[in-house]
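So the structure is just underneath, and the comments pick up after that.
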Amino acid sequence: MESMDLESMKALSMAIVVALGMFGPAIAIGMFVAKALEAIGRNPEAANKIQTTMFIGIVFTEALAIFALVVGFIIKFA
């Protein structure tokens, strides 16, 4: 059995890092939206405040996914 060359290892490592790094933020964003919709359903008058807070949370969570993507590119091209 042939051993993997360096480029193949980098590609596989990038795929693993990005996949694992995206998993957590994807779950968190789904939870943010679900809870925000639940809160808006209970208190429709507060929809604007809830949406604003939800979007801020989504932005910060998405930043974690972007960091994982950057680390993946560093692994691939370094």
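Letters for chains follow the order of the structure tokens (A, B, ...), residue numbers begin at 1 for each chain, and ligand numbers begin at 1 in the order shown.
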Note to self: With only C-alpha atoms as the counted atoms, please give the residues lying no more than 9 Å from Ala11 of chain A, apart from itself and same-chain residues fewer than 5 positions off, as a PyMOL selection string.
What the structure shows: chain A and resi 6+16+72+75-76
Selected residues, N, CA and C atoms, written as a short mmCIF file (atom, residue, chain, number, x, y, z; two decimals), in the first residue's frame, please.
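Once everything was written out, this is out-v3.cif:
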```cif
data_model
loop_
_atom_site.label_atom_id
_atom_site.label_comp_id
_atom_site.auth_asym_id
_atom_site.auth_seq_id
_atom_site.Cartn_x
_atom_site.Cartn_y
_atom_site.Cartn_z
N LEU A 6 2.35 14.37 0.41
CA LEU A 6 2.11 15.53 1.25
C LEU A 6 0.88 16.32 0.79
N ILE A 16 -11.06 17.88 6.72
CA ILE A 16 -11.45 17.51 8.08
C ILE A 16 -11.60 18.74 8.97
N GLY A 72 -8.09 25.98 7.64
CA GLY A 72 -8.05 24.97 6.59
C GLY A 72 -7.19 25.41 5.41
N ILE A 75 -3.53 25.30 6.38
CA ILE A 75 -3.02 23.92 6.31
C ILE A 75 -2.79 23.51 4.86
N LYS A 76 -3.72 23.85 3.99
CA LYS A 76 -3.61 23.43 2.59
C LYS A 76 -2.46 24.09 1.85
#
```
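Atom to atom, atom CA of Ala28 of chain A and atom CA of Ile74 of chain A stand 24.7 Å apart.
The closest residue to Ile27 of chain A, picked from A:Thr61, A:Phe55, A:Phe67, A:Phe77 and counting only C-alpha atoms, is A:Thr61.
Summary of the local environment: counting only C-alpha atoms, residues at most 12 Å from Met31 of chain A, other than itself and those fewer than 4 positions away along its chain, are A:Gly24, A:Pro25, A:Ala26, A:Ile27, A:Lys35, A:Ala36, A:Leu37, A:Glu38, A:Met54, A:Gly57, A:Ile58, A:Thr61.
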Expected file contents, prior selection, C-alpha atoms, as a short mmCIF file (atom, residue, chain, number, x, y, z; two decimals), in the first residue's frame:
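Done, and the output landed in selection24.cif:
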```cif
data_model
loop_
_atom_site.label_atom_id
_atom_site.label_comp_id
_atom_site.auth_asym_id
_atom_site.auth_seq_id
_atom_site.Cartn_x
_atom_site.Cartn_y
_atom_site.Cartn_z
CA GLY A 24 -20.48 23.63 15.63
CA PRO A 25 -21.48 27.01 14.16
CA ALA A 26 -24.12 25.35 11.96
CA ILE A 27 -25.76 23.76 15.00
CA LYS A 35 -35.16 30.03 19.82
CA ALA A 36 -35.66 33.45 18.21
CA LEU A 37 -38.72 32.21 16.33
CA GLU A 38 -40.04 30.67 19.54
CA MET A 54 -30.28 37.00 16.86
CA GLY A 57 -25.28 36.21 17.59
CA ILE A 58 -25.29 34.68 14.11
CA THR A 61 -20.95 32.45 15.44
#
```
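Nearest residue to Phe73 of chain A, choosing from A:Leu12, A:Val59, A:Ala34, A:Ala46 and counting only C-alpha atoms: A:Leu12.
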Next item on the list: Determine, counting only C-alpha atoms, which protein, DNA and RNA residues have an atom within 8 Å of an atom of Gly21 of chain A; residues of the same chain fewer than 5 positions away are not included. Present the result as a PyMOL selection string.
Entry: chain A and resi 64-65+68-69
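Nearest residue to Glu62 of chain A, choosing from A:Ile29, A:Met14, A:Met9, A:Leu20 and counting only C-alpha atoms: A:Ile29.
Computed from the coordinates, the atom CA of Ala78 of chain A to atom CA of Met22 of chain A distance equals 20.9 Å.
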